[in-house]
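Notes follow once the structure below has been shown.
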Amino acid sequence: MEQYEYKVERYIVKKAENAMNQLAKQGWRVIAVSPDIAAGCGVIVTYERKVR
């Protein structure tokens, strides 16, 4: 059975792309992006990757 781990990060929109690309190099895959209403101009990104 495959196992996954998850990570949730908050970003300012302008920094999100670079952060997502860096985590992708570590095997993380974006599974959800939501606006961060509390911050007003941010996003919340949920990642997953297979546990090795």
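Every chain in the structure tokens takes a letter, A first, then B, and so on in the order presented; its residues are numbered from 1, and the ligands are numbered from 1 following the presented order.
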
Got a sec: who's within 9 Å of Ala39 of chain A, counting only C-alpha atoms, leaving out chain neighbours fewer than 4 positions off, as a ChimeraX atom specification?
-> /A:12,35,43

Name the residues of chain A that fall into helix (DSSP H, G or I) according to DSSP on the backbone, using the chain letters and numbers of this document, as a PyMOL selection string.
-> chain A and resi 13-25

Go ahead and write the selection's residues with C-alpha atoms as a JSON list (two decimals), in the first residue's frame.
```
[["chain", "number", "residue", "atom", "x", "y", "z"],
["A", 13, "VAL", "CA", 1.25, 35.37, -4.22],
["A", 14, "LYS", "CA", 4.45, 36.75, -5.78],
["A", 15, "LYS", "CA", 6.59, 34.17, -3.94],
["A", 16, "ALA", "CA", 4.35, 31.14, -4.47],
["A", 17, "GLU", "CA", 5.66, 30.08, -7.89],
["A", 18, "ASN", "CA", 9.30, 29.92, -6.80],
["A", 19, "ALA", "CA", 8.42, 28.06, -3.61],
["A", 20, "MET", "CA", 6.29, 25.51, -5.51],
["A", 21, "ASN", "CA", 9.10, 24.90, -8.00],
["A", 22, "GLN", "CA", 11.62, 24.34, -5.21],
["A", 23, "LEU", "CA", 9.38, 21.84, -3.42],
["A", 24, "ALA", "CA", 8.64, 20.06, -6.72],
["A", 25, "LYS", "CA", 12.37, 19.33, -7.00]]
```

Find the spatial neighbours of Ile44 of chain A, counting only C-alpha atoms, within a cut-off of 9 Å - ignore same-chain residues fewer than 6 positions away - and output them as a list in words.
->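 Returned residues: Val8, Glu9, Arg10, Tyr11, Ala32, Val33, Ser34, Pro35 and Asp36 of chain A.
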
Run DSSP on the backbone of this structure and report the residues of chain A it assigns to strand (DSSP E), as a ChimeraX atom specification.
-> /A:4-12,29-36,42-50

Nearest to Arg49 of chain A among A:Ile37, A:Lys7, A:Met1, A:Trp28, with distances taken over only C-alpha atoms: which residue is it?
->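 Smallest distance to Arg49 of chain A is found for A:Trp28.
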
Need to verify the contact set: Lys50 of chain A, 9 Å, only C-alpha atoms, exclusion of same-chain residues closer than 6 positions in sequence. Can you return it as a PDB file with C-alpha atoms, in the first residue's frame?
```
ATOM      1  CA  GLU A   2       1.348   3.424  -0.968  1.00  0.00           C
ATOM      2  CA  GLN A   3       1.727   5.988   1.792  1.00  0.00           C
ATOM      3  CA  TYR A   4       1.787   9.745   1.409  1.00  0.00           C
ATOM      4  CA  GLU A   5       2.828  12.680   3.527  1.00  0.00           C
ATOM      5  CA  GLY A  27       9.227  15.375  -4.859  1.00  0.00           C
ATOM      6  CA  TRP A  28       6.277  17.405  -3.546  1.00  0.00           C
TER       7      TRP A  28
END
```
